[in-house]
Amino acid sequence: MKRFAGHNLATLGGFGAILLWSSTIACVRRLSEDVGPLTAGAAVYSISALIAGTMLLRTPQRWRAIWQLPRKYLVGASALFAGYTLLLYLAIGHAHSREQVLEVGLLNYLWPSLTLVLSLVILGAAANWVLIPGTFLALTGVFLVMTQDAHISWISLTHNAVNNPVVYLLAASAAVCWALYSNLARKWAGGCQEGAVSIFLPVTALLLIAISCGVNEPRHWTLRAGAELLFQGIATYASAALWDQAMRHGNVAAVAAASYFTPLLSTLISCLYLTVLPGPKLVIGCVLLITGSVLSWYSVNSANRQPPDREPQTVAAADPIKST
């Protein structure tokens, strides 16, 4: 029963990470315009790394517990975590226009569907045919939500990808990295209670600092940019810790399906924060997102549901996602 309660708490934490990511997109957009995307990323992750380091110094036993984690998890998950952030910020930094930045975001939001699909292979989960239409509807909803006021189509996306293929390759690779991290962190951790986000964040910060030092960006710091940086740094630490816990101990299928709502929530919050009136595509995209995410979750959840008289499996079991 205690394990089951922890499983549900970790899943709720995953939902909290999604809300935090959604609420910070508007800050990232404005901060990137003021100081540049790579400088913004380096500053944000430096703040989150400082918080992580402070937390470790206050609890030395956590530091010892982290270094006792499986080396495959420490090294492999750290590389995927840092690789995702680096690839995404490089893609944003090398985009030729705001239209391409939006398209980079579209490719980045392939990671929820990739997380679900890869869970079938990596975690041994099962799914029925409903996953196919669910994924299609969710991705269509993501496209409509993110392009509601932009002149973007599948044709323009293809045309821009041919003219600037590196950016789109970086964005797609970032999505793959995060989907792999979300699944392999659970597999490699082996059911350990402690996570290593406190190590992942400093590694990511050092990479972004190294890259940003060689890039010419505006770097116009203001009081507002400083406040946004502080908020984003705190939110990044909290969301990364919650997501890592959810992927290692929670319901991967439910959290991955809920992550389809990230672009919708971020768009709604951005409209409020940036005082932008949403267009009609947002309503249609919202309906498709809700329908698609529910179908995707149902396809995996129903295929892995246990009889009510059986005790949930532990995260270290052969089929960890079946504890839903």
# chains A, B, ... in the order shown; residues from 1 in each chain; ligands from 1

$ residues_around --residues "stretch 90-92 of chain A" --least-positions-apart "4" --cutoff "12 Å" --atoms "only C-alpha atoms" --output "PyMOL selection string"
chain A and resi 28-29+32-33+36-42+83-86+96-108+161+164-175+207-208+211-212+215

$ residues_around --residues "A:Leu264" --least-positions-apart "2" --cutoff "9 Å" --atoms "only C-alpha atoms" --output "compact mmCIF listing (two decimals) with N, CA and C atoms, in the first residue's frame"
# COMPACT_ATOMS: atom_id res chain seq x y z
N SER A 22 4.64 24.59 -18.45
CA SER A 22 3.67 25.40 -19.19
C SER A 22 3.70 26.84 -18.73
N GLY A 141 -3.55 18.36 -32.76
CA GLY A 141 -3.93 19.41 -31.82
C GLY A 141 -2.75 20.29 -31.45
N VAL A 142 -1.58 19.68 -31.24
CA VAL A 142 -0.36 20.44 -30.96
C VAL A 142 -0.06 21.41 -32.10
N VAL A 145 -2.61 24.33 -32.07
CA VAL A 145 -2.40 25.22 -30.93
C VAL A 145 -1.20 26.13 -31.14
N MET A 146 -0.11 25.56 -31.66
CA MET A 146 1.14 26.34 -31.79
C MET A 146 1.18 27.20 -33.04
N TYR A 260 0.94 15.94 -23.38
CA TYR A 260 0.43 16.52 -24.61
C TYR A 260 -0.20 17.90 -24.37
N PHE A 261 -0.62 18.14 -23.14
CA PHE A 261 -1.28 19.40 -22.82
C PHE A 261 -0.29 20.54 -22.61
N THR A 262 1.01 20.24 -22.58
CA THR A 262 2.01 21.29 -22.33
C THR A 262 1.91 22.45 -23.33
N SER A 266 0.77 26.13 -22.14
CA SER A 266 1.76 27.20 -22.31
C SER A 266 1.22 28.31 -23.21
N THR A 267 0.43 27.93 -24.22
CA THR A 267 -0.17 28.93 -25.10
C THR A 267 -1.19 29.77 -24.35
N LEU A 268 -2.03 29.15 -23.54
CA LEU A 268 -3.03 29.88 -22.76
C LEU A 268 -2.36 30.84 -21.78
N ILE A 269 -1.34 30.34 -21.08
CA ILE A 269 -0.64 31.19 -20.11
C ILE A 269 0.12 32.31 -20.82
N LEU A 282 -7.21 27.62 -31.56
CA LEU A 282 -6.91 27.16 -30.22
C LEU A 282 -8.01 26.25 -29.68
N GLY A 285 -7.82 22.96 -31.60
CA GLY A 285 -6.64 22.24 -31.14
C GLY A 285 -6.82 21.69 -29.74
N CYS A 286 -7.52 22.44 -28.89
CA CYS A 286 -7.79 21.99 -27.53
C CYS A 286 -8.62 20.71 -27.52
N LEU A 289 -6.47 17.85 -28.77
CA LEU A 289 -5.48 17.49 -27.76
C LEU A 289 -6.09 16.64 -26.64

$ closest_residue --among "A:Gly233, A:Gly292, A:Pro263, A:Pro112" --to "A:Leu50" --atoms "only C-alpha atoms"
A:Gly233

$ closest_residue --among "A:Ala227, A:Ala79, A:Leu114, A:Ala138" --to "A:Val287" --atoms "only C-alpha atoms"
A:Ala138

$ closest_atom_pairs --of "stretch 24-131 of chain A" --to "stretch 238-250 of chain A" --cutoff "12 Å" --atoms "only C-alpha atoms" --output "tab-separated table"
residue	atom	partner	partner_atom	distance
A:Thr24	CA	A:Ser239	CA	10.4
A:Tyr45	CA	A:Ala240	CA	10.8
A:Ile47	CA	A:Ala238	CA	11.7
A:Ser48	CA	A:Ala238	CA	8.5
A:Ala49	CA	A:Ala240	CA	11.0
A:Ile51	CA	A:Ala238	CA	9.6
A:Ala52	CA	A:Ala238	CA	9.5
A:Met55	CA	A:Ala238	CA	11.8
A:Tyr73	CA	A:Arg248	CA	10.9
A:Ala77	CA	A:Asp244	CA	10.0
A:Ser78	CA	A:Asp244	CA	11.3
A:Phe81	CA	A:Ala240	CA	9.5
A:Ala82	CA	A:Ala240	CA	11.6
A:Thr85	CA	A:Ala240	CA	11.6
A:Thr115	CA	A:Met247	CA	10.3
A:Leu116	CA	A:Met247	CA	11.7
A:Ser119	CA	A:Met247	CA	10.7
A:Leu123	CA	A:Met247	CA	11.1

$ atom_distance --atom1 "atom CA of A:Leu272" --atom2 "atom CA of A:Val35"
22.4 Å

$ closest_residue --among "A:Trp111, A:Trp67, A:Trp129, A:Trp21" --to "A:Cys177" --atoms "only C-alpha atoms"
A:Trp111

$ closest_residue --among "A:Leu31, A:Trp63, A:Gly190, A:Arg71" --to "A:Ala43" --atoms "only C-alpha atoms"
A:Leu31
